[in-house]
file entry-v4.txt (compact mmCIF, C-alpha atoms)
# COMPACT_ATOMS: atom_id res chain seq x y z
CA MET G 15 55.56 23.57 3.21
CA ALA G 16 52.19 24.59 4.59
CA LYS G 17 51.81 27.64 6.82
CA ILE G 18 49.80 27.27 10.06
CA LEU G 19 48.36 30.06 12.22
CA VAL G 20 48.03 29.12 15.90
CA ILE G 21 45.70 31.33 17.98
CA ASP G 22 45.96 30.86 21.76
CA ASP G 23 46.32 33.21 24.75
CA ASN G 24 48.68 30.83 26.62
CA ASP G 25 52.36 31.47 25.88
CA ALA G 26 53.35 27.96 26.99
CA VAL G 27 50.81 26.42 24.58
CA LEU G 28 52.05 28.62 21.74
CA THR G 29 55.66 27.63 22.39
CA ALA G 30 54.82 23.91 22.51
CA LEU G 31 52.79 24.01 19.31
CA LEU G 32 55.37 26.19 17.58
CA THR G 33 58.09 23.64 18.39
CA LEU G 34 55.94 20.65 17.39
CA PHE G 35 54.93 22.01 14.00
CA ARG G 36 58.36 23.39 13.11
CA LEU G 37 59.91 19.99 13.81
CA GLU G 38 57.49 18.61 11.20
CA GLY G 39 58.62 21.22 8.68
CA TYR G 40 55.60 23.56 8.86
CA GLN G 41 55.83 27.33 8.85
CA VAL G 42 54.11 28.69 11.96
CA LEU G 43 52.56 32.06 12.80
CA THR G 44 51.09 32.82 16.25
CA ALA G 45 48.48 35.20 17.66
CA THR G 46 47.28 35.59 21.24
CA ASP G 47 43.78 36.92 20.59
CA PRO G 48 41.14 37.18 17.82
CA SER G 49 41.91 40.80 16.86
CA GLN G 50 45.61 40.06 16.42
CA ALA G 51 44.79 36.95 14.37
CA LEU G 52 42.38 38.78 12.05
CA ALA G 53 44.91 41.60 11.52
CA LEU G 54 47.60 39.03 10.73
CA LEU G 55 45.41 37.27 8.16
CA GLN G 56 45.03 40.48 6.18
CA THR G 57 48.75 40.47 5.37
CA GLU G 58 49.83 36.81 5.72
CA PRO G 59 48.26 33.98 3.66
CA VAL G 60 48.00 30.77 5.67
CA ASP G 61 46.90 27.21 4.86
CA LEU G 62 45.32 26.22 8.19
CA ILE G 63 44.22 27.76 11.49
CA LEU G 64 44.44 26.06 14.87
CA GLN G 65 42.40 28.16 17.31
CA ASP G 66 41.63 28.12 21.00
CA MET G 67 38.05 28.72 22.19
CA ASN G 68 38.70 30.98 25.20
CA PHE G 69 41.00 34.03 25.24
CA ALA G 70 40.19 35.97 28.43
CA LYS G 71 41.33 34.94 31.87
CA GLY G 72 38.62 32.91 33.60
CA GLU G 73 36.55 32.58 30.40
CA MET G 74 35.24 29.03 29.92
CA THR G 75 32.06 29.36 27.80
CA GLY G 76 33.79 29.18 24.42
CA SER G 77 31.75 32.13 23.10
CA GLN G 78 34.89 34.06 22.12
CA GLY G 79 36.15 31.15 20.05
CA LYS G 80 32.70 30.64 18.54
CA ASN G 81 32.53 34.28 17.43
CA LEU G 82 36.06 34.10 16.01
CA PHE G 83 35.24 30.91 14.11
CA TYR G 84 32.19 32.47 12.43
CA GLN G 85 34.23 35.55 11.52
CA LEU G 86 36.82 33.30 9.90
CA ARG G 87 34.16 31.32 8.02
CA THR G 88 32.69 34.57 6.67
CA SER G 89 35.98 36.16 5.60
CA TYR G 90 37.94 33.01 4.66
CA PRO G 91 35.40 30.30 3.79
CA GLN G 92 37.95 27.99 2.14
CA LEU G 93 40.44 28.09 5.05
CA PRO G 94 40.42 24.93 7.24
CA VAL G 95 39.99 25.59 10.98
CA VAL G 96 40.80 23.10 13.75
CA LEU G 97 39.39 23.90 17.20
CA MET G 98 41.32 23.29 20.44
CA THR G 99 40.25 23.85 24.07
CA ALA G 100 39.75 22.23 27.41
CA TRP G 101 36.61 24.22 28.34
CA THR G 102 33.99 23.94 25.62
CA ALA G 103 30.67 22.18 25.88
CA LEU G 104 30.14 19.27 23.50
CA ASP G 105 27.02 20.80 21.92
CA MET G 106 29.03 23.88 20.84
CA VAL G 107 31.72 21.66 19.31
CA VAL G 108 29.06 19.75 17.35
CA GLU G 109 27.56 23.03 16.13
CA LEU G 110 30.90 24.36 14.90
CA VAL G 111 31.90 21.11 13.20
CA LYS G 112 28.57 21.14 11.38
CA ALA G 113 29.28 24.75 10.43
CA GLY G 114 32.53 23.71 8.78
CA ALA G 115 35.25 23.22 11.40
CA CYS G 116 37.63 20.43 10.36
CA ASP G 117 37.96 18.79 13.77
CA TYR G 118 38.14 19.34 17.52
CA ILE G 119 41.22 18.64 19.65
CA ALA G 120 40.94 18.49 23.44
CA LYS G 121 43.62 19.84 25.76
CA PRO G 122 45.97 18.35 26.79
CA TRP G 123 46.47 17.05 23.30
CA ASP G 124 48.15 14.00 21.86
CA ASP G 125 50.91 15.13 19.48
CA GLN G 126 50.39 12.32 16.94
CA ARG G 127 46.63 12.78 16.81
CA LEU G 128 47.04 16.54 16.41
CA LEU G 129 49.58 16.11 13.60
CA MET G 130 47.36 13.59 11.84
CA THR G 131 44.38 15.93 12.13
CA VAL G 132 46.40 18.78 10.62
CA GLN G 133 47.77 16.57 7.82
CA ASN G 134 44.29 15.33 6.90
CA ALA G 135 42.86 18.84 6.92
CA LEU G 136 45.67 20.14 4.68
CA LYS G 137 45.31 17.20 2.30
CA LEU G 138 41.56 17.81 2.05
CA LYS G 139 42.20 21.50 1.39
CA GLN G 140 44.66 20.62 -1.37
CA LEU G 141 42.11 18.34 -3.04
CA GLN G 142 39.40 20.97 -2.74
CA ASP G 143 41.73 23.63 -4.18
CA GLN G 144 42.58 21.35 -7.10
CA GLN G 145 38.90 20.69 -7.76
CA ARG G 146 38.10 24.41 -7.61
CA ASP G 147 40.95 25.12 -10.04
CA ALA G 148 39.68 22.41 -12.37
CA ASP G 149 36.13 23.76 -12.17
CA ARG G 150 37.36 27.29 -12.81
CA LYS G 151 39.43 26.20 -15.80
CA GLN G 152 36.51 24.22 -17.17
CA GLN G 153 34.23 27.24 -16.83
CA GLU G 154 36.80 29.50 -18.51
CA ARG G 155 37.24 26.90 -21.24
CA GLN G 156 33.50 26.70 -21.85
CA GLN G 157 33.32 30.48 -22.12
CA ALA G 158 36.35 30.63 -24.43
CA PHE G 159 35.02 27.94 -26.76
CA ALA G 160 31.33 28.82 -26.58
CA GLY G 161 29.69 28.59 -29.98
CA LYS G 162 32.63 26.70 -31.48
CA ASP G 163 32.42 23.20 -32.94
CA LEU G 164 35.07 21.12 -31.18
CA CYS G 165 34.05 17.95 -33.07
CA GLY G 166 33.86 15.91 -29.88
CA LEU G 167 37.46 16.63 -28.84
CA VAL G 168 38.12 15.43 -25.27
CA PHE G 169 40.93 17.21 -23.43
CA ALA G 170 41.91 18.65 -20.08
CA SER G 171 45.55 19.66 -20.57
CA THR G 172 46.83 23.18 -20.97
CA ALA G 173 48.87 22.07 -24.00
CA MET G 174 45.77 20.96 -25.90
CA GLU G 175 43.85 24.05 -24.81
CA ARG G 176 46.56 26.28 -26.29
CA LEU G 177 46.61 24.21 -29.49
CA LEU G 178 42.84 24.45 -29.76
CA GLN G 179 42.88 28.22 -29.29
CA THR G 180 45.38 28.56 -32.14
CA THR G 181 43.39 26.13 -34.28
CA LEU G 182 40.20 28.15 -33.86
CA GLN G 183 42.08 31.34 -34.60
CA LEU G 184 43.28 29.85 -37.91
CA ALA G 185 39.98 28.20 -38.85
CA PRO G 186 38.32 31.20 -40.59
CA SER G 187 41.35 31.84 -42.83
CA GLN G 188 42.17 30.23 -46.17
CA ALA G 189 45.78 29.51 -45.18
CA ALA G 190 47.27 26.09 -45.81
CA VAL G 191 48.06 24.41 -42.50
CA LEU G 192 50.60 21.65 -41.85
CA ILE G 193 49.67 19.54 -38.81
CA THR G 194 52.60 17.63 -37.34
CA GLY G 195 52.84 15.07 -34.58
CA GLU G 196 53.34 11.41 -33.86
CA ASN G 197 51.05 8.73 -35.26
CA GLY G 198 47.83 8.46 -33.32
CA SER G 199 48.22 11.80 -31.53
CA GLY G 200 45.07 13.35 -33.04
CA LYS G 201 46.16 15.24 -36.17
CA GLU G 202 42.97 14.31 -38.05
CA GLY G 203 40.85 15.70 -35.21
CA ILE G 204 42.59 19.07 -35.50
CA ALA G 205 41.91 19.07 -39.24
CA GLN G 206 38.22 18.42 -38.57
CA ILE G 207 38.06 21.37 -36.16
CA LEU G 208 39.78 23.65 -38.68
CA HIS G 209 37.17 22.75 -41.29
CA ALA G 210 34.13 22.76 -38.98
CA ASN G 211 34.84 26.33 -37.83
CA SER G 212 35.70 27.73 -41.26
CA PRO G 213 33.46 29.43 -43.86
CA ARG G 214 33.70 26.12 -45.76
CA ALA G 215 32.01 24.12 -43.01
CA THR G 216 28.93 23.37 -45.13
CA LYS G 217 31.09 22.06 -47.96
CA PRO G 218 32.89 18.70 -48.08
CA LEU G 219 35.87 17.75 -45.94
CA VAL G 220 37.67 15.12 -48.02
CA LYS G 221 40.33 13.03 -46.27
CA VAL G 222 43.10 11.12 -48.03
CA ASN G 223 45.59 8.88 -46.22
CA MET G 224 48.63 9.07 -48.48
CA GLY G 225 50.36 6.34 -46.49
CA ALA G 226 47.68 3.83 -47.44
CA LEU G 227 47.80 4.50 -51.21
CA PRO G 228 50.11 2.68 -53.64
CA ALA G 229 52.49 5.13 -55.31
CA ASP G 230 51.15 4.39 -58.80
CA LEU G 231 47.59 5.30 -57.78
CA MET G 232 48.27 8.44 -55.74
CA GLU G 233 47.99 10.88 -58.62
CA ALA G 234 44.80 9.27 -59.93
CA GLU G 235 43.36 9.38 -56.41
CA LEU G 236 44.12 13.08 -56.03
CA PHE G 237 43.51 14.42 -59.54
CA GLY G 238 41.24 11.81 -61.12
CA ALA G 239 41.69 9.84 -64.33
CA GLU G 240 39.95 9.38 -67.64
CA ALA G 241 38.77 5.96 -68.83
CA GLY G 242 41.71 3.94 -70.13
CA ALA G 243 44.30 6.10 -68.37
CA TYR G 244 45.62 2.93 -66.77
CA THR G 245 44.85 -0.78 -67.00
CA GLY G 246 41.47 -1.73 -65.64
CA LEU G 247 39.97 1.77 -65.57
CA THR G 248 36.84 1.54 -67.71
CA LYS G 249 35.20 4.85 -66.81
CA ALA G 250 36.30 8.31 -65.74
CA ARG G 251 37.26 8.71 -62.12
CA ILE G 252 36.78 11.95 -60.15
CA GLY G 253 39.77 12.81 -57.98
CA ARG G 254 39.76 14.03 -54.42
CA PHE G 255 40.45 17.63 -55.44
CA GLU G 256 37.27 17.73 -57.50
CA ALA G 257 35.32 16.03 -54.72
CA ALA G 258 36.53 18.69 -52.26
CA ASP G 259 35.74 21.66 -54.54
CA GLY G 260 34.51 24.54 -52.36
CA GLY G 261 35.53 22.72 -49.22
CA THR G 262 38.66 21.33 -47.57
CA LEU G 263 41.09 18.60 -48.60
CA PHE G 264 43.04 16.87 -45.82
CA LEU G 265 46.15 14.98 -46.94
CA ASP G 266 47.45 12.75 -44.16
CA GLU G 267 51.05 11.48 -44.33
CA ILE G 268 51.77 13.91 -47.16
CA GLY G 269 55.46 12.97 -47.05
CA ASN G 270 54.56 9.79 -48.98
CA LEU G 271 53.47 11.72 -52.09
CA SER G 272 55.68 11.00 -55.13
CA LEU G 273 57.84 13.74 -56.64
CA SER G 274 55.65 13.89 -59.75
CA GLY G 275 52.57 14.09 -57.54
CA GLN G 276 54.26 16.84 -55.51
CA MET G 277 54.81 18.85 -58.69
CA LYS G 278 51.13 18.57 -59.66
CA LEU G 279 50.05 19.44 -56.13
CA LEU G 280 52.25 22.54 -56.19
CA ARG G 281 50.59 23.67 -59.44
CA VAL G 282 47.10 23.24 -57.97
CA LEU G 283 48.05 25.26 -54.91
CA GLN G 284 49.53 28.03 -57.06
CA THR G 285 46.86 28.24 -59.77
CA GLY G 286 43.93 26.05 -58.73
CA GLU G 287 44.35 24.16 -62.03
CA PHE G 288 45.08 20.52 -62.86
CA GLU G 289 44.34 17.80 -65.42
CA ARG G 290 43.07 14.32 -64.83
CA LEU G 291 45.37 11.50 -65.83
CA GLY G 292 44.92 10.79 -69.53
CA SER G 293 43.23 14.15 -70.16
CA SER G 294 44.37 17.47 -71.64
CA VAL G 295 41.37 19.36 -70.24
CA THR G 296 42.39 21.84 -67.56
CA ARG G 297 40.08 21.96 -64.57
CA ARG G 298 39.84 24.49 -61.77
CA VAL G 299 38.94 23.95 -58.14
CA ASP G 300 38.65 26.08 -55.01
CA VAL G 301 40.06 23.98 -52.17
CA ARG G 302 41.69 24.75 -48.85
CA LEU G 303 44.53 22.31 -48.21
CA LEU G 304 45.29 20.84 -44.80
CA SER G 305 48.22 18.46 -44.55
CA ALA G 306 49.58 16.21 -41.82
CA THR G 307 52.78 14.29 -41.30
CA ASN G 308 54.69 12.46 -38.63
CA ALA G 309 57.87 12.63 -40.74
CA ASP G 310 60.65 15.22 -40.72
CA LEU G 311 59.96 16.98 -44.01
CA THR G 312 63.02 19.22 -43.69
CA ARG G 313 65.17 16.08 -43.67
CA ALA G 314 63.23 14.74 -46.65
CA ILE G 315 63.99 18.00 -48.47
CA ALA G 316 67.71 17.59 -47.73
CA LEU G 317 67.57 14.06 -49.14
CA GLY G 318 65.80 15.23 -52.28
CA GLN G 319 62.61 13.35 -51.39
CA PHE G 320 60.35 16.38 -50.90
CA ARG G 321 60.15 19.63 -52.83
CA GLN G 322 61.17 22.67 -50.83
CA ASP G 323 58.81 24.99 -52.74
CA LEU G 324 55.89 22.66 -51.98
CA TYR G 325 56.90 22.56 -48.31
CA TYR G 326 56.59 26.34 -48.08
CA ARG G 327 53.19 26.19 -49.80
CA ILE G 328 51.68 23.62 -47.44
CA ASN G 329 53.37 25.05 -44.35
CA VAL G 330 51.99 28.58 -44.22
CA VAL G 331 51.17 27.81 -40.58
CA GLN G 332 52.25 24.72 -38.64
CA LEU G 333 50.32 23.16 -35.77
CA GLN G 334 52.21 20.69 -33.57
CA VAL G 335 50.01 18.12 -31.81
CA PRO G 336 51.78 17.03 -28.60
CA ALA G 337 52.23 13.33 -27.90
CA LEU G 338 49.89 11.86 -25.29
CA ARG G 339 52.79 11.30 -22.86
CA GLU G 340 53.37 15.07 -22.97
CA ARG G 341 49.79 15.83 -21.88
CA VAL G 342 49.16 13.43 -19.03
CA ASP G 343 46.11 15.43 -17.90
CA ASP G 344 44.27 14.19 -21.01
CA ILE G 345 44.78 10.47 -20.33
CA LEU G 346 42.03 9.79 -17.78
CA PRO G 347 39.36 12.00 -19.43
CA LEU G 348 40.08 10.26 -22.74
CA ALA G 349 39.99 6.82 -21.11
CA ARG G 350 36.62 7.53 -19.49
CA HIS G 351 35.33 8.79 -22.83
CA PHE G 352 36.44 5.60 -24.58
CA LEU G 353 34.90 3.46 -21.84
CA GLY G 354 31.60 5.26 -22.42
CA GLY G 355 30.41 4.90 -18.83
CA HIS G 356 30.07 1.13 -19.20
CA LYS G 357 32.78 0.38 -16.63
CA GLN G 358 34.77 2.31 -14.03
CA LEU G 359 38.55 2.57 -13.74
CA SER G 360 40.08 1.49 -10.46
CA ARG G 361 42.51 3.96 -8.90
CA GLU G 362 45.40 1.57 -9.62
CA ALA G 363 44.35 1.17 -13.27
CA GLY G 364 44.15 4.95 -13.64
CA GLN G 365 47.63 5.32 -12.18
CA GLN G 366 48.98 2.73 -14.59
CA LEU G 367 47.42 4.53 -17.55
CA CYS G 368 49.05 7.80 -16.46
CA GLN G 369 52.46 6.17 -15.97
CA TYR G 370 52.52 4.35 -19.32
CA HIS G 371 54.62 5.84 -22.15
CA TRP G 372 51.91 5.58 -24.89
CA PRO G 373 54.07 5.16 -28.01
CA GLY G 374 50.83 4.75 -30.00
CA ASN G 375 49.28 7.87 -28.42
CA VAL G 376 45.50 8.40 -28.34
CA ARG G 377 44.84 5.62 -30.83
CA GLU G 378 46.65 3.12 -28.60
CA LEU G 379 44.73 4.34 -25.54
CA GLN G 380 41.45 3.82 -27.38
CA ASN G 381 42.46 0.27 -28.30
CA VAL G 382 43.51 -0.49 -24.72
CA CYS G 383 40.15 0.74 -23.40
CA GLN G 384 38.20 -1.26 -25.97
CA ARG G 385 40.17 -4.37 -25.07
CA ALA G 386 39.60 -3.79 -21.36
CA LEU G 387 35.84 -3.49 -21.94
CA LEU G 388 35.90 -6.88 -23.63
CA LEU G 389 38.12 -8.66 -21.11
CA CYS G 390 37.05 -7.16 -17.78
CA GLN G 391 34.59 -9.45 -15.99
CA SER G 392 33.52 -6.98 -13.31
CA GLU G 393 32.23 -3.42 -13.23
CA THR G 394 35.66 -2.05 -12.31
CA ILE G 395 38.67 -2.23 -14.61
CA LEU G 396 41.83 -3.39 -12.83
CA PRO G 397 45.45 -3.06 -14.03
CA ALA G 398 45.44 -6.67 -15.24
CA ASP G 399 42.51 -5.87 -17.56
CA LEU G 400 44.59 -3.19 -19.31
CA ALA G 401 47.34 -5.68 -20.26
CA LEU G 402 49.91 -2.88 -20.59
CA GLU G 403 53.57 -3.78 -21.01
CA THR G 404 54.81 -1.69 -18.08
CA ASP G 405 58.02 -3.64 -17.54
CA SER G 406 60.76 -2.26 -19.80
CA GLY G 407 62.33 -5.67 -20.28
CA ALA G 408 59.00 -7.21 -21.34
CA LYS G 409 58.44 -4.30 -23.68
CA ALA G 410 61.85 -4.79 -25.28
CA ARG G 411 61.22 -8.49 -25.74
CA ALA G 412 57.86 -7.71 -27.34
CA LEU G 413 59.39 -5.24 -29.81
CA ASP G 414 62.52 -7.14 -30.87
CA ASP G 415 60.56 -10.08 -32.33
CA ILE G 416 61.51 -8.74 -35.79
CA ALA G 417 65.18 -8.05 -36.44
CA ARG G 418 66.34 -4.55 -37.28
CA SER G 419 67.87 -5.78 -40.55
CA ASP G 420 64.54 -7.31 -41.63
CA ILE G 421 62.76 -4.02 -41.02
CA GLU G 422 65.38 -2.03 -42.92
CA GLN G 423 65.25 -4.49 -45.84
CA ALA G 424 61.45 -4.33 -45.99
CA LEU G 425 61.49 -0.53 -46.00
CA ALA G 426 64.13 -0.46 -48.74
CA ALA G 427 62.24 -3.00 -50.85
CA HIS G 428 59.08 -0.91 -50.70
CA GLN G 429 60.69 2.51 -51.29
CA GLY G 430 60.18 3.56 -47.68
CA ILE G 431 56.38 3.18 -47.79
CA VAL G 432 55.64 2.08 -44.23
CA SER G 433 52.23 0.57 -44.96
CA ARG G 434 53.66 -1.73 -47.63
CA ALA G 435 56.67 -2.71 -45.52
CA ALA G 436 54.35 -3.51 -42.60
CA LYS G 437 52.19 -5.71 -44.82
CA ALA G 438 55.27 -7.58 -46.07
CA LEU G 439 56.39 -8.17 -42.47
CA GLY G 440 52.93 -9.37 -41.45
CA ILE G 441 52.28 -6.62 -38.87
CA THR G 442 50.21 -3.47 -38.72
CA ARG G 443 51.61 -0.11 -39.76
CA GLN G 444 51.39 1.11 -36.15
CA ALA G 445 53.28 -1.99 -34.94
CA LEU G 446 56.01 -1.25 -37.47
CA TYR G 447 56.28 2.36 -36.30
CA ARG G 448 56.70 1.15 -32.71
CA ARG G 449 59.52 -1.19 -33.74
CA MET G 450 61.16 1.54 -35.78
CA GLU G 451 61.07 3.77 -32.71
CA PHE G 452 62.50 0.94 -30.60
CA TYR G 453 65.45 0.42 -32.99
CA GLY G 454 65.93 4.13 -33.69
CA ILE G 455 65.11 3.79 -37.39
CA ALA G 456 64.16 7.16 -38.84
CA THR G 457 60.79 7.45 -40.54
CA PRO G 458 61.36 7.44 -44.34
call {"tool": "encode", "arguments": {"input": "entry-v4.txt", "output": "structure tokens"}}
result
Amino acid sequence: MAKILVIDDNDAVLTALLTLFRLEGYQVLTATDPSQALALLQTEPVDLILQDMNFAKGEMTGSQGKNLFYQLRTSYPQLPVVLMTAWTALDMVVELVKAGACDYIAKPWDDQRLLMTVQNALKLKQLQDQQRDADRKQQERQQAFAGKDLCGLVFASTAMERLLQTTLQLAPSQAAVLITGENGSGKEGIAQILHANSPRATKPLVKVNMGALPADLMEAELFGAEAGAYTGLTKARIGRFEAADGGTLFLDEIGNLSLSGQMKLLRVLQTGEFERLGSSVTRRVDVRLLSATNADLTRAIALGQFRQDLYYRINVVQLQVPALRERVDDILPLARHFLGGHKQLSREAGQQLCQYHWPGNVRELQNVCQRALLLCQSETILPADLALETDSGAKARALDDIARSDIEQALAAHQGIVSRAAKALGITRQALYRRMEFYGIATP
């Protein structure tokens, strides 16, 4: 609870105020004159000062209190001060309030008005302290990341700041990095920052979403193919490794790569050599590999679905991107970024955004903001414009529209490839992931 310093030369006043504030749960210190108060402040941090204006017997001009107030403003400019007296001219009160005093309470005082004045002053101080902390952190952040390319990353949370510091530390190296995290959490953005701050920044950053590729085309996509290597291919095709030569290759959802493709990938990482499909010519490339997954690769290794030796190759360093619900401080800055200044969030809408679970993470937040921009008919976005399923029962009803058995059958029929199973079910891949999470179905 807040600590209040009461400065008054009247013992009866001190006792009354001490009792009043302690009953409200405040800690209370007392001083009977300015010198005692200033000495006390050197050893005891306080949150608010309630000071009298006259301290000598027969004194009624308020000059002593005025001098004390200006001393306090000089030495403790952020400390709220409430004035209290029965003998001060109105013009002096106006002067001191303009100079920064929170308020003025006349004696005899009304307990409720005094308590409300103190509560408001403490609340204002808390908000000001929070803003100063935010400004200080932002300044420190700007200094820490000066000269770095953050690729437009929007964040305010300590978790993302720590992740970004590690990312920038790894960027100049050639080490393979495995970026893990839930779908939509921002793994691709971390890969972009790794590349943009590396010695390869002027070379290509080639991105491949392994979850969106049919299994029979993955190897051709990665390593290329000669004309006639498979039906319909009439001319040679350059693979993503060749396209990324000298730069960086980012493989998203790497857990979907076939075992034969994993073997070829392991060889490239070990030797830099590979052959196109349908060719015996060995080619060499210089590529830094960045990988991402939302799956548990250690479980896939145990099930024989992912090579352990490849796992160690791609996982020299692992970066874990926290889910959006784990970094609530990022929600409102991201929302304002997605709204682009076109509309404002109401306080209630902002609260709802911060309280929502965000199973789809940053990608879902972006979609919600885009939808709100389209549907909101005023300049201020209200909770209704967000159309979030905040009621748990409504959320369950929305997610159980497809039976668990149907989802499991679709995944089995398509060898665990989520994108194909989602297409067969007539929903998006993200919608399928949300239903899998709802039913507790492990990601293949």
call {"tool": "closest_residue", "arguments": {"input": "entry-v4.txt", "among": "G:Asn270, G:Asn24, G:Thr88, G:Asn68", "to": "Ala226 (chain G)", "atoms": "all atoms listed in the file"}}
result
G:Asn270
call {"tool": "atom_distance", "arguments": {"input": "entry-v4.txt", "atom1": "CA of Met106 (chain G)", "atom2": "CA of Gly72 (chain G)"}}
result
18.3 Å
call {"tool": "residues_near_point", "arguments": {"input": "entry-v4.txt", "point": "(51.7, 16.7, -42.9)", "cutoff": "6 Å", "atoms": "all atoms listed in the file", "output": "ChimeraX atom specification"}}
result
/G:192-194,266-268,305-307
call {"tool": "closest_residue", "arguments": {"input": "entry-v4.txt", "among": "G:Leu28, G:Ile207, G:Asp343, G:Ala398", "to": "Arg385 (chain G)", "atoms": "all atoms listed in the file"}}
result
G:Ala398
call {"tool": "closest_residue", "arguments": {"input": "entry-v4.txt", "among": "G:Glu58, G:Gln157, G:Ala53, G:Asn223", "to": "Gln41 (chain G)", "atoms": "all atoms listed in the file"}}
result
G:Glu58
call {"tool": "atom_distance", "arguments": {"input": "entry-v4.txt", "atom1": "CA of Met224 (chain G)", "atom2": "CA of Gln276 (chain G)"}}
result
11.9 Å
call {"tool": "axis_aligned_box", "arguments": {"input": "entry-v4.txt", "around": "region 25-40 of chain G", "padding_each_side": "5 Å", "output": "AutoDock Vina command-line options"}}
result
--center_x 55.4 --center_y 25.0 --center_z 17.8 --size_x 19.1 --size_y 22.9 --size_z 28.3
call {"tool": "residues_around", "arguments": {"input": "entry-v4.txt", "residues": "Leu104 (chain G)", "least_positions_apart": "5", "cutoff": "12 Å", "atoms": "only C-alpha atoms", "output": "PyMOL selection string"}}
result
chain G and resi 75-76+99+109-111+118-120
call {"tool": "write_last_selection", "arguments": {"input": "entry-v4.txt", "atoms": "C-alpha atoms", "output": "compact mmCIF listing (two decimals), in the frame of the given file"}}
result
# COMPACT_ATOMS: atom_id res chain seq x y z
CA THR G 75 32.06 29.36 27.80
CA GLY G 76 33.79 29.18 24.42
CA THR G 99 40.25 23.85 24.07
CA GLU G 109 27.56 23.03 16.13
CA LEU G 110 30.90 24.36 14.90
CA VAL G 111 31.90 21.11 13.20
CA TYR G 118 38.14 19.34 17.52
CA ILE G 119 41.22 18.64 19.65
CA ALA G 120 40.94 18.49 23.44
call {"tool": "closest_residue", "arguments": {"input": "entry-v4.txt", "among": "G:Met67, G:Leu303, G:Met15, G:Val331", "to": "Asn81 (chain G)", "atoms": "only C-alpha atoms"}}
result
G:Met67
call {"tool": "residues_around", "arguments": {"input": "entry-v4.txt", "residues": "Gly161 (chain G)", "least_positions_apart": "3", "cutoff": "12 Å", "atoms": "all atoms listed in the file", "output": "MDAnalysis selection string"}}
result
chainID G and resid 155:158 164:165 182 210:211
call {"tool": "residues_near_point", "arguments": {"input": "entry-v4.txt", "point": "(49.1, 32.9, 4.0)", "cutoff": "12 Å", "atoms": "all atoms listed in the file", "output": "list in words"}}
result
Met15, Ala16, Lys17, Ile18, Leu19, Gln41, Val42, Leu43, Ala51, Leu54, Leu55, Gln56, Thr57, Glu58, Pro59, Val60, Asp61, Leu62, Ile63, Tyr90 and Leu93 of chain G
call {"tool": "atom_distance", "arguments": {"input": "entry-v4.txt", "atom1": "CA of Leu291 (chain G)", "atom2": "CA of Phe237 (chain G)"}}
result
7.2 Å
call {"tool": "residues_around", "arguments": {"input": "entry-v4.txt", "residues": "region 349-362 of chain G", "least_positions_apart": "4", "cutoff": "12 Å", "atoms": "only C-alpha atoms", "output": "PyMOL selection string"}}
result
chain G and resi 166-169+338+342-345+366-369+375-400
